[in-house]
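**Q** I am attaching a structure below and will ask some questions about it afterwards.
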Amino acid sequence: MSVRCMGIHWNSSKSQGLGVAEKLIAMLRKRGVDVCLNADLNANIGMTDCLVDRFDRCQLLIVLGGDGTILSGLDYAIENDLPIMGVNLGRLGFLTELETDELDDGVIDRLLTGDYAIDTRTTMMVEGQDYRKFFALNDIVITRATPSVRIVSLEYEANGAMVDCISGDGLIVATATGSTAYSLSAGGPVVLPGLDCFVLTPICPHTLNARPVVVSADERITVRMVDDRGGAQAVLDGRRVLRMDHQRPEITICRSPRQARFVRFHEKNYFGLLRSKLSEWTH
């Protein structure tokens, strides 16, 4: 792949990333590569000769931040089918590839020559919605729509076959990638990212028999409200919300036609990554 323009997406809450961005821009321009910045980054750096939010011109996207920044950067990557390389400015950084001190000329040369592997991850979508906007890499969480502390009653099916009916705080439908996010905190299993599956994890179910279930990512997962007292909502990767009420009492979740693609320079020991990252998550 010939890289003529590279995008840079920065998390505006990570001020330490500005110096990293300036260093990155300098290295790219030295090699004659055009640069496209997200609007926040451009406003903070003040460059007038860069493309701004025109990621359709890019062949690759570098994300400066943590996993949350990568999720927001996917808005550009999924729509324009761009591979992502993450540079970690956060705490966990499950999805990032490099720490800031690893970003050097050798890395840029490898990016420009295609000397890397691509790690593809399944994403989910909600049927009937534009998959370029209403998609999730980690999870889609169905929960109460109001701030009141009350149970929500849901039933959910896989390809039309009833899985369970629960009352509690809701249901998490996670990809293998998202199994180490909210689903893990709710008692779901850790699933290796190469497995093509969805994890259905009840959130604080008011019953003893409700347990997480793992199904193929080829299944269509329909989640339906059993009651509509206050309604429910589907939250995609913690960022986008679809309201569920008596007019739309159910949603169907399925595999998206687009995958998230991540640049990888190193073959990582996933179990070692789990041990090191999760042991850091103490505050």
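Residue names in the structure tokens use chain letters A, B, ... in the order shown, residue numbers from 1 in each chain, and ligand numbers from 1 in the order shown.
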Within 9 Å of stretch 219-238 of chain A, which residues of stretch 151-209 of chain A come that close, and what is the closest atom pair and distance in Å for each? Count only C-alpha atoms and give it as a tab-separated table.

**A**
residue	atom	partner	partner_atom	distance
A:Val152	CA	A:Ala232	CA	7.4
A:Ser153	CA	A:Val226	CA	5.3
A:Leu154	CA	A:Met225	CA	4.7
A:Glu155	CA	A:Arg224	CA	5.3
A:Tyr156	CA	A:Val223	CA	4.4
A:Glu157	CA	A:Thr222	CA	5.2
A:Ala158	CA	A:Ile221	CA	4.7
A:Asn159	CA	A:Arg220	CA	5.0
A:Gly160	CA	A:Thr222	CA	7.6
A:Cys165	CA	A:Val226	CA	8.5
A:Gly170	CA	A:Ala232	CA	8.8
A:Leu171	CA	A:Val223	CA	8.7
A:Val173	CA	A:Ile221	CA	8.4
A:Gly178	CA	A:Asp237	CA	8.9
A:Cys197	CA	A:Glu219	CA	8.6
A:Phe198	CA	A:Glu219	CA	8.3

**Q** Taking N, CA and C atoms for each residue, export the selection above as a CSV table (one decimal), in the first residue's frame.

**A**
chain,number,residue,atom,x,y,z
A,152,VAL,N,-34.7,-3.8,34.8
A,152,VAL,CA,-35.3,-3.9,33.4
A,152,VAL,C,-35.4,-5.3,33.0
A,153,SER,N,-36.5,-5.7,32.4
A,153,SER,CA,-36.8,-7.1,32.1
A,153,SER,C,-36.6,-7.2,30.6
A,154,LEU,N,-35.7,-8.2,30.2
A,154,LEU,CA,-35.4,-8.4,28.8
A,154,LEU,C,-35.4,-9.9,28.4
A,155,GLU,N,-35.8,-10.2,27.2
A,155,GLU,CA,-35.6,-11.5,26.7
A,155,GLU,C,-34.7,-11.4,25.4
A,156,TYR,N,-33.9,-12.5,25.2
A,156,TYR,CA,-33.0,-12.4,24.1
A,156,TYR,C,-32.9,-13.7,23.4
A,157,GLU,N,-32.7,-13.6,22.1
A,157,GLU,CA,-32.7,-14.8,21.2
A,157,GLU,C,-31.4,-14.8,20.4
A,158,ALA,N,-31.0,-16.0,19.9
A,158,ALA,CA,-30.0,-16.2,19.0
A,158,ALA,C,-30.5,-16.9,17.8
A,159,ASN,N,-30.6,-16.2,16.6
A,159,ASN,CA,-31.2,-16.8,15.4
A,159,ASN,C,-32.6,-17.3,15.7
A,160,GLY,N,-33.3,-16.5,16.5
A,160,GLY,CA,-34.7,-16.9,16.7
A,160,GLY,C,-35.0,-17.9,17.8
A,165,CYS,N,-34.6,-15.1,29.6
A,165,CYS,CA,-35.3,-14.0,29.9
A,165,CYS,C,-34.9,-13.5,31.3
A,170,GLY,N,-29.6,-5.2,33.1
A,170,GLY,CA,-29.5,-5.2,31.6
A,170,GLY,C,-28.6,-6.4,31.1
A,171,LEU,N,-28.2,-6.2,29.8
A,171,LEU,CA,-27.5,-7.3,29.1
A,171,LEU,C,-26.4,-6.6,28.3
A,173,VAL,N,-23.9,-7.4,25.1
A,173,VAL,CA,-23.5,-8.2,24.0
A,173,VAL,C,-22.1,-7.7,23.5
A,178,GLY,N,-14.2,-7.1,23.0
A,178,GLY,CA,-14.9,-6.5,24.2
A,178,GLY,C,-15.1,-7.4,25.4
A,197,CYS,N,-16.8,-14.7,17.8
A,197,CYS,CA,-18.0,-15.0,18.6
A,197,CYS,C,-18.5,-13.7,19.3
A,198,PHE,N,-19.7,-13.9,19.8
A,198,PHE,CA,-20.3,-12.8,20.7
A,198,PHE,C,-20.5,-13.4,22.1

**Q** Which neighbours of A:Gly65 fall inside 6 Å, counting only C-alpha atoms, when residues of the same chain fewer than 5 positions from it are skipped, and could you give them as a PyMOL selection string?

**A** chain A and resi 11+88-90

**Q** Which is closer to A:Leu192 than all the others in A:Ala260, A:Ala77, A:Leu273, A:Val63, using only C-alpha atoms?

**A**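 Of A:Ala260, A:Ala77, A:Leu273, A:Val63, the one nearest A:Leu192, counting only C-alpha atoms, is A:Leu273.
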
**Q** What's around A:Leu71 at 9 Å? Count only C-alpha atoms, leave out sequence neighbours fewer than 2 positions away in its own chain, and write the answer as a PyMOL selection string.

**A** chain A and resi 66-69+73-75+136-138+237+239

**Q** Smallest atom-to-atom distance to A:Val20: which of A:Glu102, A:Met47, A:Phe94, A:Asn38, using only C-alpha atoms?

**A**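 Checking each candidate against A:Val20, we get A:Glu102 as the closest.
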
**Q** Can you tell me, as a ChimeraX atom specification, what residues are no more than 7 Å from stretch 106-120 of chain A when counting only C-alpha atoms, ignoring any on the same chain fewer than 5 positions away?

**A** /A:1,3,259-265

**Q** Give me, as a VMD selection string, all polymer residues having an atom no more than 7 Å from A:Phe55, counting only C-alpha atoms and skipping those fewer than 2 positions away in the same chain.

**A** chain A and resid 7 36 53 57 to 58 76

**Q** Next, write the just-selected residues to a file, as a PDB file, in the first residue's frame, keeping N, CA and C atoms as the atom set.

**A**
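Final file, out_8.pdb:
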ATOM      1  N   GLY A   7      -3.350  10.024   8.527  1.00  0.00           N
ATOM      2  CA  GLY A   7      -4.194  10.740   9.471  1.00  0.00           C
ATOM      3  C   GLY A   7      -3.676  10.613  10.887  1.00  0.00           C
ATOM      4  N   CYS A  36      -3.153  14.621   7.780  1.00  0.00           N
ATOM      5  CA  CYS A  36      -4.510  15.060   8.084  1.00  0.00           C
ATOM      6  C   CYS A  36      -4.729  14.939   9.588  1.00  0.00           C
ATOM      7  N   ASP A  53      -9.806  16.866   9.300  1.00  0.00           N
ATOM      8  CA  ASP A  53     -10.986  15.992   9.249  1.00  0.00           C
ATOM      9  C   ASP A  53     -11.312  15.511   7.831  1.00  0.00           C
ATOM     10  N   ARG A  57      -8.992  11.088   2.559  1.00  0.00           N
ATOM     11  CA  ARG A  57      -7.787  11.246   1.732  1.00  0.00           C
ATOM     12  C   ARG A  57      -6.639  10.347   2.218  1.00  0.00           C
ATOM     13  N   CYS A  58      -6.805   9.705   3.382  1.00  0.00           N
ATOM     14  CA  CYS A  58      -5.700   9.001   4.038  1.00  0.00           C
ATOM     15  C   CYS A  58      -5.662   7.518   3.648  1.00  0.00           C
ATOM     16  N   TYR A  76     -13.675   7.341  11.988  1.00  0.00           N
ATOM     17  CA  TYR A  76     -13.002   7.663  10.726  1.00  0.00           C
ATOM     18  C   TYR A  76     -12.524   6.396  10.018  1.00  0.00           C
TER      19      TYR A  76
END

**Q** Please report, as a PyMOL selection string, each residue of stretch 200-268 of chain A to which DSSP assigns strand (DSSP E or B) when run on this structure's backbone.

**A** chain A and resi 200-203+213-216+221-225+232-236+240-244+250-255+260-264

**Q** Could you write out the selected residues, including C-alpha atoms, as a CSV table (one decimal), in the first residue's frame?

**A**
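Wrote part_21.csv, looks like this:
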chain,number,residue,atom,x,y,z
A,200,LEU,CA,-24.0,-12.4,26.1
A,201,THR,CA,-23.5,-11.3,29.7
A,202,PRO,CA,-26.4,-10.5,32.0
A,203,ILE,CA,-25.7,-7.5,34.3
A,213,VAL,CA,-23.3,-17.4,27.0
A,214,VAL,CA,-20.9,-17.5,24.1
A,215,VAL,CA,-22.3,-17.8,20.6
A,216,SER,CA,-21.0,-17.6,17.1
A,221,ILE,CA,-29.0,-11.5,18.6
A,222,THR,CA,-32.4,-10.1,19.2
A,223,VAL,CA,-33.0,-8.3,22.5
A,224,ARG,CA,-36.6,-7.4,23.5
A,225,MET,CA,-38.1,-5.5,26.3
A,232,ALA,CA,-34.5,0.9,27.8
A,233,GLN,CA,-31.6,2.0,25.7
A,234,ALA,CA,-28.8,0.3,23.7
A,235,VAL,CA,-25.4,1.9,24.2
A,236,LEU,CA,-22.8,1.2,21.5
A,240,ARG,CA,-23.9,6.1,20.8
A,241,VAL,CA,-27.4,5.5,22.2
A,242,LEU,CA,-30.5,4.0,20.6
A,243,ARG,CA,-33.7,4.5,22.6
A,244,MET,CA,-36.0,1.4,23.1
A,250,GLU,CA,-36.4,-4.7,20.3
A,251,ILE,CA,-33.2,-4.5,18.5
A,252,THR,CA,-31.2,-7.1,16.5
A,253,ILE,CA,-27.4,-7.1,16.7
A,254,CYS,CA,-25.3,-8.8,14.1
A,255,ARG,CA,-21.9,-8.8,12.5
A,260,ALA,CA,-11.6,-3.0,12.5
A,261,ARG,CA,-8.0,-3.3,11.3
A,262,PHE,CA,-5.0,-2.7,13.6
A,263,VAL,CA,-1.3,-2.3,12.6
A,264,ARG,CA,0.9,-4.8,14.5

**Q** What's around A:Val87 at 8 Å? Count only C-alpha atoms, leave out sequence neighbours fewer than 5 positions away in its own chain, and write the answer as a list in words.

**A**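 Within the cut-off, the hits are Ile62, Val63, Leu64, Gly65, Gly66, Thr96, Glu97, Leu98, Glu99, Thr100 and Leu103 of chain A.
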